[in-house]
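Participant: Can you read through this structure? Questions will come right after.
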Amino acid sequence: MGNLLGCIQVDQSTVAIKEKFGKYEEVLDPGCHFMPWCLGNRVAGFLSLRVQQLDVRCETKTKDNVFVNVVASIQYRALGDKASDAFYRLSNTRSQIQAYVFDVIRATVPKLNLDDVFEQKNDIAKAVEEELEKAMSAYGYQIEQTLIVDIEPDEHVKRAMNEINAAARMRVAANEKAEAEKILQVKKAEGEAEAKYLSGLGIARQRQAIVDGLRDSVLGFSSNVPGTSAKDVMDMVLVTQYFDTMKEIGASSKSSAVFIPHGPGAVRDVAAQIRDGLLQGSINQ
């Protein structure tokens with residue numbers, strides 16, 4: 001109905017290109033416009049001023065001969081004051097942008113190793129954006145933003161990278177485990193050495209206490225019983241120790257059979273052997 005009356009409607013964020021007898025005349029802003037078709041006026045087309053997005057997937061090779069797919073996301077829009085250039089000077093805007101993206105990525109990525117491509121993706125995006133801005137501004141388009149949204153190496157390369165990473169982590173874990181075991185062994189050895197030192201110290205103190213006790217007993221007995229010598233006291237102490245030992249052997253249920261000579265003469269021999277051993281030790285010292 002609007003066309004029959006010579007009126008057209010232009011939506012918001014959109015402009016219309018008006019021609020008269022096939023020649024560009026003006027840009028129509030959003031709203032209602034009178035368009036007398038009988039006078040040769042017509043709308044050649046509409047141009048959206050909204051921000052549009054184009055995702056470009058580009059396959060290229062890195063400096064270390066790894067093929068990767070780089071996905072770039074280009075956000076662009078047509079400029080209202082250059083709507084005629086945007087409408088007439090480009091027949092396929094998306095193909096034009098894609099060609100420039102291919103050119104920049106394939107000129108930049110082959111200079112970098114694969115790891116550097118991941119680290120410098122912002123630099124790659126900036127290079128693409130600068131080249132597009134310089135080229136597309138002449139056609140009435142503005143590049144809002146350029147993003148490198150994905151970098152996809154070959155599946156075999158990704159698997160190899162994961163294996164390298166896993167091996168490195170396992171090596172670190174093995175080193176940490178070995179260090180922990182080393183610390184445990186050192187601490188265990190230090191503990192055993194300290195325990196043996198304390199045990200030896202206790203045994204030495206025990207023996208010293210026994211010697212002191214025997215000396216006090218001998219001196220006390222000799223002073224209280226006239227006519228006895230230190231030798232007589234030691235013989236009596238040894239006999240007492242001998243009978244205590246025989247009592248403990250007989251009382252133990254788990255002890256094996258022990259055959260030793262028994263009798264007054266045997267006790268005398270045992271005392272003589274112990275006394276001779278002590279005297280020999282004193283001489284050697």
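Residue numbering restarts at 1 in every chain; chains get A, B, ... in the order shown in the structure tokens, and ligands count up from 1 in that same order.
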From region 9-107 of chain A, collect each residue whose DSSP state is strand (DSSP E) and return the set as JSON, numbers by chain.

Facilitator: {"A": [9, 10, 14, 15, 16, 17, 18, 19, 20, 23, 24, 25, 26, 27, 28, 31, 32, 33, 34, 41, 42, 43, 44, 45, 46, 47, 48, 52, 53, 54, 55, 56, 57, 58, 59, 60, 61, 67, 68, 69, 70, 71, 72, 73, 74, 75, 76, 77, 78]}

Participant: Store the residues of this selection in a file with C-alpha atoms, as an mmCIF file, in the first residue's frame.

Facilitator:
data_model
loop_
_atom_site.group_PDB
_atom_site.id
_atom_site.type_symbol
_atom_site.label_atom_id
_atom_site.label_comp_id
_atom_site.auth_asym_id
_atom_site.auth_seq_id
_atom_site.Cartn_x
_atom_site.Cartn_y
_atom_site.Cartn_z
ATOM 1 C CA GLN A 9 9.513 3.149 5.671
ATOM 2 C CA VAL A 10 13.156 2.970 6.799
ATOM 3 C CA THR A 14 19.126 1.266 8.837
ATOM 4 C CA VAL A 15 19.508 3.666 5.925
ATOM 5 C CA ALA A 16 18.023 3.458 2.441
ATOM 6 C CA ILE A 17 19.793 4.326 -0.797
ATOM 7 C CA LYS A 18 17.595 6.499 -3.061
ATOM 8 C CA GLU A 19 18.119 6.532 -6.809
ATOM 9 C CA LYS A 20 16.456 8.557 -9.530
ATOM 10 C CA LYS A 23 21.430 7.384 -10.523
ATOM 11 C CA TYR A 24 22.348 7.761 -6.854
ATOM 12 C CA GLU A 25 20.586 10.732 -5.289
ATOM 13 C CA GLU A 26 20.695 10.555 -1.479
ATOM 14 C CA VAL A 27 20.704 8.463 1.684
ATOM 15 C CA LEU A 28 17.381 8.161 3.504
ATOM 16 C CA GLY A 31 11.490 7.085 9.191
ATOM 17 C CA CYS A 32 8.818 7.547 6.518
ATOM 18 C CA HIS A 33 9.770 9.071 3.184
ATOM 19 C CA PHE A 34 7.767 10.127 0.121
ATOM 20 C CA ASN A 41 12.471 7.600 -7.812
ATOM 21 C CA ARG A 42 13.172 4.255 -6.248
ATOM 22 C CA VAL A 43 15.006 2.608 -3.354
ATOM 23 C CA ALA A 44 18.102 0.802 -4.601
ATOM 24 C CA GLY A 45 18.530 -1.018 -1.315
ATOM 25 C CA PHE A 46 18.886 -0.852 2.436
ATOM 26 C CA LEU A 47 22.097 -0.760 4.457
ATOM 27 C CA SER A 48 22.272 -1.822 8.119
ATOM 28 C CA GLN A 52 28.052 -7.235 12.432
ATOM 29 C CA GLN A 53 30.376 -10.127 13.123
ATOM 30 C CA LEU A 54 32.276 -12.323 10.718
ATOM 31 C CA ASP A 55 34.154 -15.441 11.868
ATOM 32 C CA VAL A 56 37.048 -16.370 9.591
ATOM 33 C CA ARG A 57 38.868 -19.714 9.807
ATOM 34 C CA CYS A 58 42.309 -19.639 8.240
ATOM 35 C CA GLU A 59 44.698 -22.567 7.873
ATOM 36 C CA THR A 60 48.381 -21.708 7.886
ATOM 37 C CA LYS A 61 51.791 -23.077 8.891
ATOM 38 C CA PHE A 67 49.749 -26.572 10.487
ATOM 39 C CA VAL A 68 47.184 -24.694 12.549
ATOM 40 C CA ASN A 69 43.682 -23.339 12.055
ATOM 41 C CA VAL A 70 43.388 -19.756 13.306
ATOM 42 C CA VAL A 71 39.845 -18.513 13.932
ATOM 43 C CA ALA A 72 39.456 -14.715 13.846
ATOM 44 C CA SER A 73 36.273 -12.869 14.808
ATOM 45 C CA ILE A 74 35.836 -9.511 13.037
ATOM 46 C CA GLN A 75 33.272 -7.007 14.330
ATOM 47 C CA TYR A 76 32.509 -4.218 11.852
ATOM 48 C CA ARG A 77 29.778 -1.776 10.838
ATOM 49 C CA ALA A 78 28.923 0.582 8.007
#

Participant: Which neighbours of Ile97 (chain A) fall inside 12 Å, counting only C-alpha atoms, when residues of the same chain fewer than 2 positions from it are skipped, and could you give them as number ranges by chain?

Facilitator: A: 52-56, 72-77, 90-95, 99-104, 128-129, 131-137, 139, 141-143, 146

Participant: So the first atom is CA of Leu147 (chain A) and the second is CA of Glu130 (chain A); what is the distance between them in Å, to one decimal place?

Facilitator: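 Interatomic distance here is 12.2 Å.
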
Participant: Nearest residue to Cys7 (chain A) out of A:Ile105, A:Met35, A:Asp29, A:Arg207, using only C-alpha atoms?

Facilitator: A:Met35

Participant: Please return as a VMD selection string: the residues of region 60-223 of chain A that backbone DSSP assigns to alpha helix (DSSP H).

Facilitator: chain A and resid 83 to 88 93 to 108 114 to 119 121 to 136 155 to 223

Participant: Only C-alpha atoms, please: the residues just picked out, written as a compact mmCIF listing (two decimals), in the first residue's frame.

Facilitator:
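Written out: part-v6.txt:
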# COMPACT_ATOMS: atom_id res chain seq x y z
CA ALA A 83 26.69 4.85 3.35
CA SER A 84 26.94 5.44 -0.40
CA ASP A 85 30.53 4.15 -0.48
CA ALA A 86 29.59 1.13 1.60
CA PHE A 87 26.65 0.35 -0.69
CA TYR A 88 28.19 0.97 -4.11
CA THR A 93 31.80 -7.03 2.02
CA ARG A 94 32.29 -10.32 3.90
CA SER A 95 34.46 -11.83 1.15
CA GLN A 96 36.58 -8.68 1.05
CA ILE A 97 37.17 -8.76 4.82
CA GLN A 98 37.93 -12.48 4.71
CA ALA A 99 40.58 -11.93 2.00
CA TYR A 100 42.37 -9.32 4.11
CA VAL A 101 42.25 -11.58 7.21
CA PHE A 102 43.77 -14.46 5.23
CA ASP A 103 46.51 -12.21 3.92
CA VAL A 104 47.56 -10.84 7.32
CA ILE A 105 47.38 -14.15 9.22
CA ARG A 106 49.32 -16.04 6.56
CA ALA A 107 51.97 -13.32 6.57
CA THR A 108 52.30 -13.18 10.38
CA LEU A 114 53.70 -22.74 17.64
CA ASP A 115 54.17 -21.74 21.29
CA ASP A 116 54.73 -18.12 20.26
CA VAL A 117 51.49 -18.13 18.26
CA PHE A 118 49.55 -18.90 21.44
CA GLU A 119 51.48 -16.30 23.42
CA LYS A 121 47.66 -13.97 19.60
CA ASN A 122 46.83 -10.43 20.73
CA ASP A 123 49.62 -9.09 18.51
CA ILE A 124 48.22 -11.10 15.59
CA ALA A 125 44.73 -9.70 16.23
CA LYS A 126 46.13 -6.17 16.37
CA ALA A 127 47.95 -6.63 13.06
CA VAL A 128 44.74 -7.91 11.42
CA GLU A 129 42.72 -5.01 12.84
CA GLU A 130 45.20 -2.37 11.64
CA GLU A 131 45.26 -3.78 8.13
CA LEU A 132 41.47 -4.06 7.94
CA GLU A 133 40.93 -0.56 9.34
CA LYS A 134 43.26 0.91 6.76
CA ALA A 135 41.65 -0.97 3.88
CA MET A 136 37.95 -0.91 4.81
CA GLU A 155 45.14 -33.43 16.40
CA HIS A 156 48.43 -35.37 16.44
CA VAL A 157 50.31 -32.22 17.44
CA LYS A 158 47.88 -31.55 20.30
CA ARG A 159 48.26 -35.12 21.52
CA ALA A 160 52.07 -34.81 21.40
CA MET A 161 51.96 -31.50 23.30
CA ASN A 162 49.78 -33.08 25.99
CA GLU A 163 52.18 -36.02 26.29
CA ILE A 164 55.16 -33.66 26.64
CA ASN A 165 53.35 -31.69 29.32
CA ALA A 166 52.35 -34.87 31.15
CA ALA A 167 55.93 -36.20 31.02
CA ALA A 168 57.28 -32.93 32.42
CA ARG A 169 54.77 -33.01 35.28
CA MET A 170 55.60 -36.65 36.03
CA ARG A 171 59.31 -35.78 36.12
CA VAL A 172 58.66 -33.00 38.61
CA ALA A 173 56.48 -35.32 40.71
CA ALA A 174 59.20 -38.01 40.69
CA ASN A 175 61.80 -35.46 41.83
CA GLU A 176 59.54 -34.29 44.63
CA LYS A 177 58.84 -37.88 45.70
CA ALA A 178 62.55 -38.75 45.71
CA GLU A 179 63.30 -35.63 47.76
CA ALA A 180 60.60 -36.57 50.26
CA GLU A 181 61.96 -40.13 50.57
CA LYS A 182 65.46 -38.72 51.06
CA ILE A 183 64.24 -36.51 53.88
CA LEU A 184 62.48 -39.48 55.49
CA GLN A 185 65.63 -41.63 55.29
CA VAL A 186 67.77 -38.85 56.75
CA LYS A 187 65.32 -38.22 59.59
CA LYS A 188 65.05 -41.95 60.24
CA ALA A 189 68.84 -42.33 60.39
CA GLU A 190 69.12 -39.32 62.68
CA GLY A 191 66.44 -40.80 64.94
CA GLU A 192 68.17 -44.21 65.06
CA ALA A 193 71.51 -42.57 65.84
CA GLU A 194 69.98 -40.49 68.62
CA ALA A 195 68.19 -43.58 70.01
CA LYS A 196 71.41 -45.62 70.01
CA TYR A 197 73.28 -42.77 71.66
CA LEU A 198 70.69 -42.45 74.41
CA SER A 199 70.57 -46.26 74.83
CA GLY A 200 74.36 -46.44 75.22
CA LEU A 201 74.27 -43.54 77.64
CA GLY A 202 71.63 -45.34 79.71
CA ILE A 203 73.61 -48.60 79.75
CA ALA A 204 76.77 -46.75 80.78
CA ARG A 205 74.93 -45.03 83.62
CA GLN A 206 73.38 -48.35 84.67
CA ARG A 207 76.77 -50.05 84.82
CA GLN A 208 78.23 -47.09 86.66
CA ALA A 209 75.43 -47.34 89.22
CA ILE A 210 76.06 -51.09 89.64
CA VAL A 211 79.77 -50.50 90.16
CA ASP A 212 79.08 -47.73 92.69
CA GLY A 213 76.59 -49.94 94.51
CA LEU A 214 79.00 -52.86 94.70
CA ARG A 215 81.79 -50.61 95.93
CA ASP A 216 79.59 -49.19 98.68
CA SER A 217 78.44 -52.68 99.67
CA VAL A 218 81.99 -54.01 99.87
CA LEU A 219 83.21 -51.06 101.92
CA GLY A 220 80.19 -51.21 104.27
CA PHE A 221 80.46 -54.97 104.83
CA SER A 222 84.21 -54.83 105.44
CA SER A 223 83.82 -52.07 108.03

Participant: Can you measure CA of Val66 (chain A) to CA of Ile148 (chain A) for me? One decimal in Å is fine.

Facilitator: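 Computing it gives 18.0 Å between the two atoms.
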